[in-house]
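Asks: So I've got this file, input_11.txt, and it contains compact mmCIF, N, CA and C atoms:
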# COMPACT_ATOMS: atom_id res chain seq x y z
N VAL Z 92 0.84 -1.18 0.00
CA VAL Z 92 0.00 0.00 0.00
C VAL Z 92 0.89 1.24 0.00
N GLN Z 93 0.60 2.12 -0.96
CA GLN Z 93 1.31 3.40 -0.99
C GLN Z 93 0.29 4.52 -1.07
N LEU Z 94 0.47 5.51 -0.20
CA LEU Z 94 -0.41 6.68 -0.15
C LEU Z 94 0.49 7.91 -0.12
N GLN Z 95 0.58 8.58 -1.25
CA GLN Z 95 1.50 9.71 -1.41
C GLN Z 95 0.73 11.01 -1.41
N ALA Z 96 0.78 11.72 -0.29
CA ALA Z 96 0.07 13.00 -0.17
C ALA Z 96 0.96 14.15 -0.63
N SER Z 97 0.34 15.16 -1.20
CA SER Z 97 1.06 16.35 -1.64
C SER Z 97 0.11 17.55 -1.59
N GLY Z 98 0.69 18.74 -1.78
CA GLY Z 98 -0.12 19.95 -1.84
C GLY Z 98 -0.09 20.82 -0.61
N GLY Z 99 0.61 20.38 0.42
CA GLY Z 99 0.72 21.20 1.62
C GLY Z 99 1.62 22.40 1.41
N GLY Z 100 1.70 23.23 2.43
CA GLY Z 100 2.55 24.40 2.34
C GLY Z 100 2.25 25.40 3.43
N LEU Z 101 2.81 26.58 3.26
CA LEU Z 101 2.61 27.69 4.21
C LEU Z 101 1.60 28.66 3.60
N VAL Z 102 0.57 28.97 4.37
CA VAL Z 102 -0.48 29.86 3.88
C VAL Z 102 -0.93 30.78 5.02
N SER Z 103 -1.42 31.94 4.67
CA SER Z 103 -1.92 32.88 5.67
C SER Z 103 -3.34 32.52 6.09
N THR Z 104 -3.73 33.00 7.25
CA THR Z 104 -5.11 32.80 7.72
C THR Z 104 -6.10 33.26 6.65
N GLY Z 105 -7.09 32.41 6.41
CA GLY Z 105 -8.08 32.71 5.38
C GLY Z 105 -7.74 32.17 4.01
N GLY Z 106 -6.55 31.65 3.86
CA GLY Z 106 -6.12 31.12 2.57
C GLY Z 106 -6.66 29.73 2.28
N SER Z 107 -6.28 29.20 1.14
CA SER Z 107 -6.75 27.89 0.70
C SER Z 107 -5.59 27.02 0.23
N LEU Z 108 -5.80 25.73 0.36
CA LEU Z 108 -4.88 24.73 -0.18
C LEU Z 108 -5.71 23.55 -0.67
N ARG Z 109 -5.16 22.84 -1.64
CA ARG Z 109 -5.80 21.60 -2.10
C ARG Z 109 -4.79 20.47 -1.97
N LEU Z 110 -5.10 19.53 -1.12
CA LEU Z 110 -4.25 18.37 -0.94
C LEU Z 110 -4.68 17.26 -1.89
N SER Z 111 -3.69 16.51 -2.35
CA SER Z 111 -3.95 15.34 -3.20
C SER Z 111 -3.27 14.14 -2.59
N CYS Z 112 -3.78 12.96 -2.88
CA CYS Z 112 -3.17 11.73 -2.40
C CYS Z 112 -3.27 10.68 -3.49
N ALA Z 113 -2.13 10.27 -4.00
CA ALA Z 113 -2.07 9.23 -5.02
C ALA Z 113 -1.97 7.88 -4.34
N ALA Z 114 -2.88 6.99 -4.68
CA ALA Z 114 -2.95 5.69 -4.02
C ALA Z 114 -2.54 4.58 -4.97
N SER Z 115 -1.87 3.58 -4.42
CA SER Z 115 -1.50 2.40 -5.20
C SER Z 115 -1.33 1.22 -4.27
N GLY Z 116 -1.34 0.03 -4.85
CA GLY Z 116 -1.10 -1.17 -4.07
C GLY Z 116 -2.34 -1.81 -3.48
N PHE Z 117 -3.49 -1.25 -3.76
CA PHE Z 117 -4.75 -1.85 -3.33
C PHE Z 117 -5.84 -1.37 -4.28
N ILE Z 118 -7.03 -1.96 -4.16
CA ILE Z 118 -8.12 -1.60 -5.06
C ILE Z 118 -8.80 -0.35 -4.51
N PHE Z 119 -8.32 0.78 -4.97
CA PHE Z 119 -8.74 2.08 -4.45
C PHE Z 119 -10.25 2.25 -4.51
N LYS Z 120 -10.85 1.89 -5.62
CA LYS Z 120 -12.27 2.18 -5.84
C LYS Z 120 -13.20 1.39 -4.93
N LEU Z 121 -12.67 0.40 -4.23
CA LEU Z 121 -13.48 -0.41 -3.33
C LEU Z 121 -13.37 0.02 -1.87
N ASN Z 122 -12.54 1.01 -1.61
CA ASN Z 122 -12.26 1.41 -0.23
C ASN Z 122 -12.78 2.79 0.11
N SER Z 123 -13.43 2.92 1.28
CA SER Z 123 -13.61 4.24 1.84
C SER Z 123 -12.23 4.81 2.15
N MET Z 124 -12.12 6.12 2.09
CA MET Z 124 -10.83 6.76 2.34
C MET Z 124 -11.00 7.90 3.34
N TYR Z 125 -9.88 8.27 3.95
CA TYR Z 125 -9.91 9.21 5.05
C TYR Z 125 -8.75 10.19 4.97
N TRP Z 126 -8.98 11.36 5.48
CA TRP Z 126 -7.91 12.32 5.77
C TRP Z 126 -7.85 12.45 7.29
N VAL Z 127 -6.64 12.31 7.81
CA VAL Z 127 -6.41 12.52 9.23
C VAL Z 127 -5.28 13.53 9.36
N ARG Z 128 -5.17 14.15 10.52
CA ARG Z 128 -4.10 15.11 10.73
C ARG Z 128 -3.52 14.96 12.14
N GLN Z 129 -2.30 15.41 12.28
CA GLN Z 129 -1.65 15.39 13.58
C GLN Z 129 -0.94 16.71 13.78
N ALA Z 130 -1.42 17.47 14.75
CA ALA Z 130 -0.78 18.72 15.12
C ALA Z 130 0.39 18.43 16.05
N PRO Z 131 1.34 19.33 16.16
CA PRO Z 131 2.49 19.11 17.03
C PRO Z 131 2.08 18.79 18.47
N GLY Z 132 2.58 17.69 18.98
CA GLY Z 132 2.32 17.33 20.36
C GLY Z 132 0.95 16.73 20.62
N LYS Z 133 0.19 16.45 19.55
CA LYS Z 133 -1.17 15.92 19.71
C LYS Z 133 -1.32 14.60 18.98
N GLY Z 134 -2.42 13.92 19.25
CA GLY Z 134 -2.70 12.67 18.58
C GLY Z 134 -3.32 12.88 17.23
N PHE Z 135 -3.63 11.77 16.56
CA PHE Z 135 -4.26 11.84 15.25
C PHE Z 135 -5.72 12.23 15.39
N GLU Z 136 -6.15 13.08 14.47
CA GLU Z 136 -7.54 13.54 14.44
C GLU Z 136 -8.13 13.22 13.08
N LEU Z 137 -9.28 12.56 13.07
CA LEU Z 137 -9.98 12.31 11.82
C LEU Z 137 -10.57 13.61 11.31
N VAL Z 138 -10.21 13.96 10.09
CA VAL Z 138 -10.67 15.20 9.49
C VAL Z 138 -11.90 14.99 8.61
N SER Z 139 -11.81 13.96 7.76
CA SER Z 139 -12.88 13.75 6.81
C SER Z 139 -12.84 12.33 6.27
N SER Z 140 -13.98 11.87 5.78
CA SER Z 140 -14.06 10.55 5.18
C SER Z 140 -14.95 10.60 3.94
N ILE Z 141 -14.75 9.61 3.09
CA ILE Z 141 -15.56 9.51 1.88
C ILE Z 141 -15.73 8.04 1.54
N THR Z 142 -16.94 7.66 1.14
CA THR Z 142 -17.20 6.27 0.81
C THR Z 142 -16.56 5.91 -0.54
N SER Z 143 -16.56 4.62 -0.84
CA SER Z 143 -15.82 4.14 -2.01
C SER Z 143 -16.28 4.80 -3.31
N GLY Z 144 -17.56 5.00 -3.44
CA GLY Z 144 -18.08 5.62 -4.66
C GLY Z 144 -18.15 7.13 -4.61
N GLY Z 145 -17.83 7.68 -3.46
CA GLY Z 145 -17.85 9.13 -3.30
C GLY Z 145 -19.21 9.72 -2.95
N GLY Z 146 -20.18 8.86 -2.74
CA GLY Z 146 -21.52 9.38 -2.53
C GLY Z 146 -21.82 9.89 -1.15
N GLN Z 147 -21.00 9.53 -0.20
CA GLN Z 147 -21.22 9.97 1.18
C GLN Z 147 -19.92 10.49 1.78
N THR Z 148 -19.99 11.65 2.36
CA THR Z 148 -18.83 12.26 3.00
C THR Z 148 -19.18 12.67 4.42
N ASP Z 149 -18.14 12.83 5.22
CA ASP Z 149 -18.33 13.26 6.60
C ASP Z 149 -17.13 14.12 7.01
N TYR Z 150 -17.38 15.03 7.96
CA TYR Z 150 -16.35 15.96 8.36
C TYR Z 150 -16.34 16.15 9.87
N ALA Z 151 -15.15 16.40 10.41
CA ALA Z 151 -15.06 16.81 11.80
C ALA Z 151 -15.71 18.18 11.95
N ASP Z 152 -16.29 18.42 13.11
CA ASP Z 152 -16.96 19.71 13.33
C ASP Z 152 -16.03 20.89 13.09
N ALA Z 153 -14.75 20.70 13.41
CA ALA Z 153 -13.78 21.80 13.31
C ALA Z 153 -13.54 22.26 11.87
N VAL Z 154 -13.85 21.40 10.91
CA VAL Z 154 -13.56 21.74 9.51
C VAL Z 154 -14.82 21.80 8.65
N LYS Z 155 -15.95 21.48 9.23
CA LYS Z 155 -17.19 21.45 8.47
C LYS Z 155 -17.45 22.81 7.83
N ASP Z 156 -17.91 22.81 6.62
CA ASP Z 156 -18.22 24.01 5.83
C ASP Z 156 -16.98 24.74 5.33
N ARG Z 157 -15.79 24.22 5.66
CA ARG Z 157 -14.56 24.84 5.14
C ARG Z 157 -13.77 23.88 4.25
N PHE Z 158 -13.84 22.59 4.57
CA PHE Z 158 -13.09 21.58 3.84
C PHE Z 158 -14.05 20.74 3.00
N THR Z 159 -13.55 20.26 1.85
CA THR Z 159 -14.33 19.37 1.00
C THR Z 159 -13.47 18.21 0.54
N ILE Z 160 -13.93 17.01 0.82
CA ILE Z 160 -13.22 15.80 0.40
C ILE Z 160 -13.84 15.32 -0.91
N SER Z 161 -13.00 14.78 -1.78
CA SER Z 161 -13.49 14.21 -3.03
C SER Z 161 -12.50 13.15 -3.50
N ARG Z 162 -12.88 12.42 -4.53
CA ARG Z 162 -12.01 11.38 -5.05
C ARG Z 162 -12.25 11.18 -6.54
N ASP Z 163 -11.21 10.67 -7.19
CA ASP Z 163 -11.28 10.30 -8.59
C ASP Z 163 -10.83 8.85 -8.68
N ASN Z 164 -11.77 7.96 -8.82
CA ASN Z 164 -11.44 6.53 -8.81
C ASN Z 164 -10.72 6.09 -10.08
N VAL Z 165 -10.85 6.82 -11.15
CA VAL Z 165 -10.10 6.50 -12.36
C VAL Z 165 -8.62 6.84 -12.16
N ARG Z 166 -8.37 8.01 -11.59
CA ARG Z 166 -6.99 8.44 -11.32
C ARG Z 166 -6.45 7.90 -10.00
N ARG Z 167 -7.28 7.18 -9.24
CA ARG Z 167 -6.87 6.62 -7.95
C ARG Z 167 -6.31 7.73 -7.04
N THR Z 168 -7.01 8.82 -6.97
CA THR Z 168 -6.54 9.97 -6.22
C THR Z 168 -7.63 10.50 -5.29
N LEU Z 169 -7.21 10.84 -4.09
CA LEU Z 169 -8.07 11.43 -3.07
C LEU Z 169 -7.69 12.90 -2.93
N TYR Z 170 -8.67 13.75 -2.69
CA TYR Z 170 -8.43 15.18 -2.58
C TYR Z 170 -9.02 15.74 -1.29
N LEU Z 171 -8.45 16.86 -0.86
CA LEU Z 171 -9.04 17.62 0.24
C LEU Z 171 -8.87 19.10 -0.08
N GLN Z 172 -9.96 19.75 -0.41
CA GLN Z 172 -9.95 21.19 -0.64
C GLN Z 172 -10.17 21.88 0.69
N MET Z 173 -9.23 22.73 1.06
CA MET Z 173 -9.28 23.40 2.36
C MET Z 173 -9.38 24.90 2.14
N ASN Z 174 -10.47 25.48 2.57
CA ASN Z 174 -10.69 26.92 2.44
C ASN Z 174 -10.76 27.58 3.81
N ASP Z 175 -10.59 28.89 3.83
CA ASP Z 175 -10.70 29.67 5.07
C ASP Z 175 -9.84 29.04 6.17
N LEU Z 176 -8.60 28.77 5.86
CA LEU Z 176 -7.72 28.09 6.79
C LEU Z 176 -7.43 28.96 8.02
N LYS Z 177 -7.28 28.28 9.15
CA LYS Z 177 -7.03 28.93 10.43
C LYS Z 177 -5.75 28.39 11.03
N PRO Z 178 -5.12 29.15 11.92
CA PRO Z 178 -3.88 28.66 12.54
C PRO Z 178 -4.05 27.30 13.21
N GLU Z 179 -5.23 27.01 13.75
CA GLU Z 179 -5.45 25.72 14.40
C GLU Z 179 -5.54 24.56 13.41
N ASP Z 180 -5.55 24.85 12.11
CA ASP Z 180 -5.48 23.80 11.10
C ASP Z 180 -4.04 23.35 10.84
N THR Z 181 -3.09 24.04 11.43
CA THR Z 181 -1.69 23.65 11.25
C THR Z 181 -1.46 22.24 11.76
N ALA Z 182 -0.96 21.39 10.88
CA ALA Z 182 -0.77 19.97 11.21
C ALA Z 182 -0.13 19.27 10.02
N ARG Z 183 0.27 18.03 10.25
CA ARG Z 183 0.66 17.18 9.13
C ARG Z 183 -0.59 16.39 8.73
N TYR Z 184 -0.92 16.43 7.46
CA TYR Z 184 -2.12 15.80 6.95
C TYR Z 184 -1.76 14.51 6.21
N TYR Z 185 -2.51 13.47 6.52
CA TYR Z 185 -2.28 12.16 5.94
C TYR Z 185 -3.56 11.64 5.29
N CYS Z 186 -3.41 11.00 4.15
CA CYS Z 186 -4.52 10.21 3.66
C CYS Z 186 -4.36 8.79 4.21
N ALA Z 187 -5.45 8.16 4.47
CA ALA Z 187 -5.41 6.87 5.15
C ALA Z 187 -6.50 5.94 4.64
N ARG Z 188 -6.26 4.66 4.82
CA ARG Z 188 -7.25 3.64 4.45
C ARG Z 188 -8.19 3.31 5.59
N ASP Z 189 -7.86 3.79 6.80
CA ASP Z 189 -8.72 3.53 7.95
C ASP Z 189 -8.91 4.81 8.72
N ARG Z 190 -9.98 4.91 9.47
CA ARG Z 190 -10.32 6.17 10.13
C ARG Z 190 -9.38 6.50 11.27
N ALA Z 191 -8.66 5.51 11.80
CA ALA Z 191 -7.69 5.79 12.87
C ALA Z 191 -6.37 6.27 12.31
N GLY Z 192 -6.19 6.15 11.01
CA GLY Z 192 -4.95 6.62 10.40
C GLY Z 192 -3.77 5.67 10.57
N THR Z 193 -4.03 4.42 10.90
CA THR Z 193 -2.91 3.50 11.09
C THR Z 193 -2.32 3.05 9.76
N ILE Z 194 -3.13 3.04 8.69
CA ILE Z 194 -2.63 2.70 7.36
C ILE Z 194 -2.58 4.01 6.56
N ARG Z 195 -1.44 4.65 6.57
CA ARG Z 195 -1.31 5.98 6.00
C ARG Z 195 0.04 6.15 5.33
N GLY Z 196 0.16 7.22 4.57
CA GLY Z 196 1.43 7.55 3.95
C GLY Z 196 2.23 8.48 4.84
N LYS Z 197 3.20 9.18 4.22
CA LYS Z 197 4.08 10.06 4.98
C LYS Z 197 3.46 11.41 5.26
N GLY Z 198 2.40 11.75 4.56
CA GLY Z 198 1.71 12.99 4.84
C GLY Z 198 2.33 14.22 4.19
N THR Z 199 1.63 15.33 4.36
CA THR Z 199 2.11 16.61 3.85
C THR Z 199 1.83 17.68 4.89
N GLN Z 200 2.78 18.57 5.09
CA GLN Z 200 2.68 19.57 6.15
C GLN Z 200 1.87 20.77 5.70
N VAL Z 201 0.93 21.18 6.54
CA VAL Z 201 0.16 22.40 6.32
C VAL Z 201 0.43 23.33 7.49
N THR Z 202 0.88 24.53 7.17
CA THR Z 202 1.16 25.53 8.19
C THR Z 202 0.39 26.80 7.87
N VAL Z 203 -0.42 27.25 8.82
CA VAL Z 203 -1.25 28.44 8.62
C VAL Z 203 -0.74 29.52 9.56
N SER Z 204 -0.29 30.60 9.00
CA SER Z 204 0.23 31.70 9.81
C SER Z 204 -0.88 32.68 10.17
N SER Z 205 -0.75 33.26 11.35
CA SER Z 205 -1.77 34.20 11.82
C SER Z 205 -1.46 35.62 11.39
Do you think you could lay out the structure here as structure tokens?
Replies:
Amino acid sequence: VQLQASGGGLVSTGGSLRLSCAASGFIFKLNSMYWVRQAPGKGFELVSSITSGGGQTDYADAVKDRFTISRDNVRRTLYLQMNDLKPEDTARYYCARDRAGTIRGKGTQVTVSS
């Protein structure tokens, strides 16, 4: 299983980023997928989930109405559009095959400056 996240960076409060995750080594289109994050000194937090066909999504309260998860099963890619970013969104973001984030890639760093 390989999950290669990209698209992170440094952005000012109120800015936007779009994360991507290229998946390989498993049947992507049959799996629900997840974005989790880990802020410095904290545990993993489930940010968002999407069902295998993309028809159902869910979000943590902290990101609801600001983040949008999506997927392209042909390209085997998971996305997270992040708008109106806040300093508390600063974390390393991982795409994962499970909601606990135990099956994840190396992640991509998102830093939001105030």
Asks: So, with only C-alpha atoms as the atoms that count, which of Z:Ile160, Z:Leu110, Z:Ala182, Z:Val127 lies closest to Arg195 of chain Z?
Replies: Z:Val127
Asks: To test your reading of the structure, identify every residue in chain Z that backbone DSSP assigns to helix (DSSP H, G or I), and report it as a ChimeraX atom specification.
Replies: /Z:119-121,178-180
Asks: Save the residues we just selected, N, CA and C atoms, as a short mmCIF file (atom, residue, chain, number, x, y, z; two decimals), keeping the file's coordinate frame?
Replies:
data_model
loop_
_atom_site.label_atom_id
_atom_site.label_comp_id
_atom_site.auth_asym_id
_atom_site.auth_seq_id
_atom_site.Cartn_x
_atom_site.Cartn_y
_atom_site.Cartn_z
N PHE Z 119 -8.32 0.78 -4.97
CA PHE Z 119 -8.74 2.08 -4.45
C PHE Z 119 -10.25 2.25 -4.51
N LYS Z 120 -10.85 1.89 -5.62
CA LYS Z 120 -12.27 2.18 -5.84
C LYS Z 120 -13.20 1.39 -4.93
N LEU Z 121 -12.67 0.40 -4.23
CA LEU Z 121 -13.48 -0.41 -3.33
C LEU Z 121 -13.37 0.02 -1.87
N PRO Z 178 -5.12 29.15 11.92
CA PRO Z 178 -3.88 28.66 12.54
C PRO Z 178 -4.05 27.30 13.21
N GLU Z 179 -5.23 27.01 13.75
CA GLU Z 179 -5.45 25.72 14.40
C GLU Z 179 -5.54 24.56 13.41
N ASP Z 180 -5.55 24.85 12.11
CA ASP Z 180 -5.48 23.80 11.10
C ASP Z 180 -4.04 23.35 10.84
#
Asks: Taking 4 positions as the minimum chain separation for residues in the same chain, which residues sit within 8 Å of Ser111 of chain Z when counting only C-alpha atoms? Answer as a ChimeraX atom specification.
Replies: /Z:96-98,168-171
Asks: Give me, please, the distance in Å between atom C of Asp149 of chain Z and atom CA of Thr193 of chain Z, quoted to one decimal.
Replies: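 About the pair atom C of Asp149 of chain Z and atom CA of Thr193 of chain Z: they are 18.2 Å apart.
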Asks: Please return, as a PyMOL selection string, all polymer residues that have at least one atom within 8 Å of the point (-10.8, 9.7, -4.8); use all atoms listed in the file and the file's own coordinate frame.
Replies: chain Z and resi 112+119-120+124+143-145+160-170
Asks: Record the distance separating atom CA of Asp180 of chain Z and atom CA of Gln200 of chain Z, expressed in Å with one decimal.
Replies: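 Atom CA of Asp180 of chain Z sits 10.4 Å away from atom CA of Gln200 of chain Z.
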Asks: So which residues of segment 115-192 of chain Z fall under strand (DSSP E or B) by DSSP, listed as number ranges by chain?
Replies: Z: 115, 124-129, 135-141, 148-150, 158-163, 168-173, 182-187
Asks: Which residue out of Z:Arg188, Z:Lys155, Z:Arg109, Z:Lys177 has the minimum interatomic distance to Val138 of chain Z when only C-alpha atoms are used?
Replies: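 Comparing Z:Arg188, Z:Lys155, Z:Arg109, Z:Lys177 against Val138 of chain Z, the winner is Z:Lys155.
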Asks: Find the distance between atom CA of Arg190 of chain Z and atom N of Thr159 of chain Z and write it in Å to one decimal.
Replies: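 Atom-to-atom, atom CA of Arg190 of chain Z and atom N of Thr159 of chain Z are spaced 16.7 Å apart.
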Asks: Between Z:Gln129, Z:Gln147, Z:Asn174, Z:Thr181, single out the one closest to Gly105 of chain Z, counting only N, CA and C atoms.
Replies: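 The closest residue to Gly105 of chain Z is Z:Asn174.
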Asks: With distances taken over only N, CA and C atoms, which residue among Z:Ser123, Z:Ser103, Z:Gln172, Z:Gln95 lies nearest Ser205 of chain Z?
Replies: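 Ranking Z:Ser123, Z:Ser103, Z:Gln172, Z:Gln95 by distance to Ser205 of chain Z, first place goes to Z:Ser103.
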Asks: Which residue is closest to Arg183 of chain Z? Choose from Z:Pro131, Z:Leu101, Z:Tyr125, Z:Ala153 and count only C-alpha atoms.
Replies: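 Checking each of Z:Pro131, Z:Leu101, Z:Tyr125, Z:Ala153 against Arg183 of chain Z, counting only C-alpha atoms, the winner is Z:Pro131.
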